[in-house]
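Engineer: Right, I'll just put the structure down here and ask away after.
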Amino acid sequence: MSETPHTESLQQTDRRHFLNWIWAFFGAIAAAEFGWVGLSFLKSRKERNQPISTASIITAGPVERFKPKTVTAIPNGGFYLARLEEGSFLPLSRTCTHLGCTVPWVEEKKQFVCPCHGSTFSLTGEVITSPAPRPLDTFPARIENGIVKVDIASPRKRERFDPTQATRPSS
Ligand code: FES
């Protein structure tokens, strides 16, 4: 049975409607994705501009817990808290400034000793033995009601130790 011109025209119209529907469908998906990407971008910009959250403030402990000339690991903050001879506090990053290995404090040597390439650092984080190019980074600390608090969101690079980097408990 052969198709009449009328039947052929109906089939062409159906095909055209189907193709239009497909284009509309994929166009809607593309528009939705574009909108989602745009919203994600705006949202992340908004998050970047927000002030530092209090989640970055780590409570290290009461001042009396730390004796002068000691280094204490603060595991929940991922840093060391050095208490210097005259009683001030210096939070130190545990990340080696050479290639980023985690540096342990070796109590017998009274030094940080990097297990990767042998750099050593003093209690104030200064380089004793290279290849580390600069001292361990520090973090800002403050003492509130006799409690040492450290802001781990803002590591500070430095070229040498300077007593102003440490925080003194008020007497
Ligand atoms: S990563 Fe510490 S000395 Fe190389």
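Scheme for the structure tokens: letters A, B, ... for chains in order shown; per-chain residue numbers from 1; ligand numbers from 1 in order shown.
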So which residues are near ligand 1, meaning at most 12 Å away with only C-alpha atoms and all ligand atoms counted, given back as an NGL selection string?
Structural biologist: :A and (94-104 or 112-121 or 127-136)
Engineer: Quick one: write out the picked residues with N, CA and C atoms as a JSON list (two decimals), in the first residue's frame?
Structural biologist:
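Output saved as part-v2.json:
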```json
[["chain", "number", "residue", "atom", "x", "y", "z"],
["A", 94, "ARG", "N", 53.77, 22.38, 61.72],
["A", 94, "ARG", "CA", 54.53, 21.12, 61.72],
["A", 94, "ARG", "C", 54.97, 20.75, 60.31],
["A", 95, "THR", "N", 54.79, 21.66, 59.36],
["A", 95, "THR", "CA", 55.12, 21.37, 57.96],
["A", 95, "THR", "C", 56.50, 21.92, 57.61],
["A", 96, "CYS", "N", 57.38, 21.05, 57.17],
["A", 96, "CYS", "CA", 58.74, 21.46, 56.81],
["A", 96, "CYS", "C", 58.69, 22.46, 55.65],
["A", 97, "THR", "N", 59.51, 23.50, 55.75],
["A", 97, "THR", "CA", 59.50, 24.53, 54.70],
["A", 97, "THR", "C", 60.33, 24.12, 53.48],
["A", 98, "HIS", "N", 60.92, 22.91, 53.52],
["A", 98, "HIS", "CA", 61.63, 22.44, 52.32],
["A", 98, "HIS", "C", 60.61, 21.86, 51.35],
["A", 99, "LEU", "N", 60.12, 20.65, 51.61],
["A", 99, "LEU", "CA", 59.16, 20.05, 50.68],
["A", 99, "LEU", "C", 57.89, 19.58, 51.37],
["A", 100, "GLY", "N", 57.65, 20.06, 52.57],
["A", 100, "GLY", "CA", 56.34, 19.85, 53.18],
["A", 100, "GLY", "C", 56.16, 18.60, 54.03],
["A", 101, "CYS", "N", 57.22, 17.91, 54.38],
["A", 101, "CYS", "CA", 57.05, 16.75, 55.26],
["A", 101, "CYS", "C", 56.63, 17.21, 56.65],
["A", 102, "THR", "N", 56.00, 16.32, 57.38],
["A", 102, "THR", "CA", 55.64, 16.63, 58.77],
["A", 102, "THR", "C", 56.87, 16.46, 59.65],
["A", 103, "VAL", "N", 57.14, 17.48, 60.43],
["A", 103, "VAL", "CA", 58.38, 17.52, 61.21],
["A", 103, "VAL", "C", 58.09, 17.20, 62.67],
["A", 104, "PRO", "N", 58.67, 16.11, 63.21],
["A", 104, "PRO", "CA", 58.47, 15.82, 64.64],
["A", 104, "PRO", "C", 59.43, 16.62, 65.53],
["A", 112, "PHE", "N", 63.44, 20.24, 66.17],
["A", 112, "PHE", "CA", 62.56, 19.60, 65.19],
["A", 112, "PHE", "C", 63.48, 18.97, 64.16],
["A", 113, "VAL", "N", 63.24, 17.71, 63.82],
["A", 113, "VAL", "CA", 64.12, 17.02, 62.87],
["A", 113, "VAL", "C", 63.26, 16.47, 61.74],
["A", 114, "CYS", "N", 63.49, 16.98, 60.55],
["A", 114, "CYS", "CA", 62.68, 16.51, 59.41],
["A", 114, "CYS", "C", 63.18, 15.14, 58.96],
["A", 115, "PRO", "N", 62.28, 14.15, 58.88],
["A", 115, "PRO", "CA", 62.70, 12.81, 58.50],
["A", 115, "PRO", "C", 63.01, 12.67, 57.01],
["A", 116, "CYS", "N", 62.63, 13.65, 56.21],
["A", 116, "CYS", "CA", 62.78, 13.50, 54.75],
["A", 116, "CYS", "C", 64.19, 13.81, 54.25],
["A", 117, "HIS", "N", 64.70, 15.00, 54.56],
["A", 117, "HIS", "CA", 66.02, 15.37, 54.05],
["A", 117, "HIS", "C", 66.91, 15.94, 55.13],
["A", 118, "GLY", "N", 66.50, 15.74, 56.38],
["A", 118, "GLY", "CA", 67.39, 16.05, 57.50],
["A", 118, "GLY", "C", 67.44, 17.48, 57.98],
["A", 119, "SER", "N", 66.55, 18.34, 57.52],
["A", 119, "SER", "CA", 66.56, 19.71, 58.06],
["A", 119, "SER", "C", 66.26, 19.67, 59.55],
["A", 120, "THR", "N", 66.89, 20.56, 60.29],
["A", 120, "THR", "CA", 66.57, 20.67, 61.72],
["A", 120, "THR", "C", 66.23, 22.11, 62.04],
["A", 121, "PHE", "N", 65.38, 22.24, 63.06],
["A", 121, "PHE", "CA", 64.88, 23.57, 63.44],
["A", 121, "PHE", "C", 64.96, 23.69, 64.97],
["A", 127, "VAL", "N", 65.87, 27.65, 61.25],
["A", 127, "VAL", "CA", 66.63, 26.58, 60.60],
["A", 127, "VAL", "C", 68.01, 26.46, 61.25],
["A", 128, "ILE", "N", 68.33, 25.23, 61.67],
["A", 128, "ILE", "CA", 69.68, 24.95, 62.18],
["A", 128, "ILE", "C", 70.47, 24.27, 61.06],
["A", 129, "THR", "N", 69.79, 23.30, 60.40],
["A", 129, "THR", "CA", 70.43, 22.58, 59.30],
["A", 129, "THR", "C", 69.52, 22.66, 58.08],
["A", 130, "SER", "N", 70.07, 23.05, 56.93],
["A", 130, "SER", "CA", 69.28, 23.09, 55.69],
["A", 130, "SER", "C", 69.13, 21.64, 55.16],
["A", 131, "PRO", "N", 68.37, 21.39, 54.12],
["A", 131, "PRO", "CA", 67.99, 22.30, 53.03],
["A", 131, "PRO", "C", 66.76, 23.18, 53.28],
["A", 132, "ALA", "N", 66.10, 23.13, 54.42],
["A", 132, "ALA", "CA", 64.94, 24.01, 54.62],
["A", 132, "ALA", "C", 65.37, 25.46, 54.38],
["A", 133, "PRO", "N", 64.62, 26.19, 53.56],
["A", 133, "PRO", "CA", 65.04, 27.54, 53.19],
["A", 133, "PRO", "C", 64.67, 28.62, 54.19],
["A", 134, "ARG", "N", 63.73, 28.33, 55.09],
["A", 134, "ARG", "CA", 63.29, 29.37, 56.04],
["A", 134, "ARG", "C", 62.68, 28.68, 57.27],
["A", 135, "PRO", "N", 62.49, 29.45, 58.33],
["A", 135, "PRO", "CA", 61.94, 28.87, 59.56],
["A", 135, "PRO", "C", 60.54, 28.29, 59.36],
["A", 136, "LEU", "N", 60.13, 27.47, 60.32],
["A", 136, "LEU", "CA", 58.75, 26.96, 60.31],
["A", 136, "LEU", "C", 57.79, 28.13, 60.41]]
```
Engineer: May I have the residues within 8 Å of Leu123 in chain A as an NGL selection string, using only C-alpha atoms and disregarding those fewer than 6 positions away in the same chain?
Structural biologist: :A and (69-71 or 82 or 84 or 110-112)
Engineer: Neighbouring residues of range 57-66 of chain A were defined as those with any atom within 8 Å, considering only C-alpha atoms; residues of the same chain fewer than 4 positions away were excluded. Please report them as a list in words.
Structural biologist: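 Listing them by chain and then by number gives Ser53, Thr70, Thr72, Ile74, Asn76, Gly77, Leu81, Arg83, Gly146, Ile147, Val148, Lys149, Val150, Asp151, Ile152, Ala153 and Pro169 of chain A.
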Engineer: Would you save the residues of that selection, restricted to N, CA, C and O atoms, as an mmCIF file, in the first residue's frame?
Structural biologist:
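Final output, saved to part_13.cif:
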```cif
data_model
loop_
_atom_site.group_PDB
_atom_site.id
_atom_site.type_symbol
_atom_site.label_atom_id
_atom_site.label_comp_id
_atom_site.auth_asym_id
_atom_site.auth_seq_id
_atom_site.Cartn_x
_atom_site.Cartn_y
_atom_site.Cartn_z
ATOM 1 N N SER A 53 35.989 32.049 60.132
ATOM 2 C CA SER A 53 35.056 31.505 61.107
ATOM 3 C C SER A 53 35.802 31.149 62.389
ATOM 4 O O SER A 53 37.005 30.951 62.403
ATOM 5 N N THR A 70 59.615 24.525 76.430
ATOM 6 C CA THR A 70 59.042 23.233 76.021
ATOM 7 C C THR A 70 58.288 23.408 74.712
ATOM 8 O O THR A 70 57.901 24.522 74.329
ATOM 9 N N THR A 72 54.943 21.562 72.785
ATOM 10 C CA THR A 72 53.820 20.642 72.978
ATOM 11 C C THR A 72 53.073 20.508 71.659
ATOM 12 O O THR A 72 52.731 21.521 71.032
ATOM 13 N N ILE A 74 49.875 20.019 69.499
ATOM 14 C CA ILE A 74 48.435 20.260 69.663
ATOM 15 C C ILE A 74 47.759 19.529 68.498
ATOM 16 O O ILE A 74 47.562 20.105 67.416
ATOM 17 N N ASN A 76 44.742 18.478 67.715
ATOM 18 C CA ASN A 76 43.484 18.905 67.078
ATOM 19 C C ASN A 76 43.661 20.165 66.229
ATOM 20 O O ASN A 76 42.765 20.534 65.481
ATOM 21 N N GLY A 77 44.835 20.814 66.340
ATOM 22 C CA GLY A 77 45.087 21.984 65.503
ATOM 23 C C GLY A 77 46.169 21.722 64.466
ATOM 24 O O GLY A 77 46.378 22.521 63.556
ATOM 25 N N LEU A 81 52.967 24.019 69.967
ATOM 26 C CA LEU A 81 52.995 25.250 70.746
ATOM 27 C C LEU A 81 54.307 25.270 71.519
ATOM 28 O O LEU A 81 54.529 24.444 72.414
ATOM 29 N N ARG A 83 56.738 27.135 74.122
ATOM 30 C CA ARG A 83 56.753 28.193 75.147
ATOM 31 C C ARG A 83 58.208 28.577 75.325
ATOM 32 O O ARG A 83 59.061 27.742 75.655
ATOM 33 N N GLY A 146 43.463 33.480 80.575
ATOM 34 C CA GLY A 146 44.465 32.481 80.929
ATOM 35 C C GLY A 146 44.485 31.264 80.019
ATOM 36 O O GLY A 146 45.173 30.280 80.294
ATOM 37 N N ILE A 147 43.758 31.310 78.898
ATOM 38 C CA ILE A 147 43.705 30.191 77.955
ATOM 39 C C ILE A 147 44.398 30.611 76.659
ATOM 40 O O ILE A 147 44.099 31.676 76.109
ATOM 41 N N VAL A 148 45.292 29.757 76.163
ATOM 42 C CA VAL A 148 46.006 30.059 74.912
ATOM 43 C C VAL A 148 45.145 29.612 73.737
ATOM 44 O O VAL A 148 44.725 28.444 73.670
ATOM 45 N N LYS A 149 44.888 30.539 72.821
ATOM 46 C CA LYS A 149 44.091 30.237 71.621
ATOM 47 C C LYS A 149 44.900 30.593 70.382
ATOM 48 O O LYS A 149 45.591 31.613 70.359
ATOM 49 N N VAL A 150 44.793 29.754 69.372
ATOM 50 C CA VAL A 150 45.625 29.913 68.171
ATOM 51 C C VAL A 150 44.731 29.914 66.940
ATOM 52 O O VAL A 150 43.836 29.076 66.805
ATOM 53 N N ASP A 151 44.988 30.869 66.043
ATOM 54 C CA ASP A 151 44.228 30.949 64.789
ATOM 55 C C ASP A 151 45.004 30.231 63.689
ATOM 56 O O ASP A 151 45.987 30.758 63.170
ATOM 57 N N ILE A 152 44.542 29.028 63.343
ATOM 58 C CA ILE A 152 45.293 28.230 62.356
ATOM 59 C C ILE A 152 44.928 28.592 60.916
ATOM 60 O O ILE A 152 45.475 28.017 59.977
ATOM 61 N N ALA A 153 44.024 29.578 60.745
ATOM 62 C CA ALA A 153 43.648 29.967 59.378
ATOM 63 C C ALA A 153 44.682 30.902 58.751
ATOM 64 O O ALA A 153 44.657 31.122 57.552
ATOM 65 N N PRO A 169 51.866 36.196 77.890
ATOM 66 C CA PRO A 169 50.699 36.262 78.777
ATOM 67 C C PRO A 169 50.760 37.567 79.555
ATOM 68 O O PRO A 169 51.859 37.997 79.907
#
```
Engineer: To one decimal place in Å, what is the distance between CA of Pro140 in chain A and CA of Ser154 in chain A?
Structural biologist: 7.1 Å
Engineer: Given the choices A:Arg15, A:Lys109, A:Arg168, A:Arg160, which gets closest to Thr124 in chain A if the distance is worked out from only C-alpha atoms?
Structural biologist: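 Answer, going by the shortest atom-to-atom distance: A:Arg160.
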Engineer: Near Asp162 in chain A, counting only C-alpha atoms, which residues have an atom at most 12 Å away, once you skip same-chain residues fewer than 4 positions from it, shown as a PDB file with C-alpha atoms, in the first residue's frame?
Structural biologist:
```
ATOM      1  CA  LEU A  84      59.884  30.275  75.090  1.00  0.00           C
ATOM      2  CA  LEU A  90      54.942  30.690  69.705  1.00  0.00           C
ATOM      3  CA  THR A 124      61.684  28.906  67.883  1.00  0.00           C
ATOM      4  CA  GLY A 125      61.403  27.168  64.495  1.00  0.00           C
ATOM      5  CA  GLU A 126      64.595  28.652  63.038  1.00  0.00           C
ATOM      6  CA  PRO A 135      61.942  28.868  59.561  1.00  0.00           C
ATOM      7  CA  THR A 138      53.917  30.514  62.827  1.00  0.00           C
ATOM      8  CA  ARG A 158      59.054  34.525  58.091  1.00  0.00           C
ATOM      9  CA  ALA A 166      55.504  35.332  70.168  1.00  0.00           C
ATOM     10  CA  THR A 167      52.557  36.161  72.434  1.00  0.00           C
TER      11      THR A 167
END
```
Engineer: What separation in Å, quoted to one decimal, exists between CA of Pro68 in chain A and CA of Pro163 in chain A?
Structural biologist: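 Those two atoms sit 14.5 Å apart.
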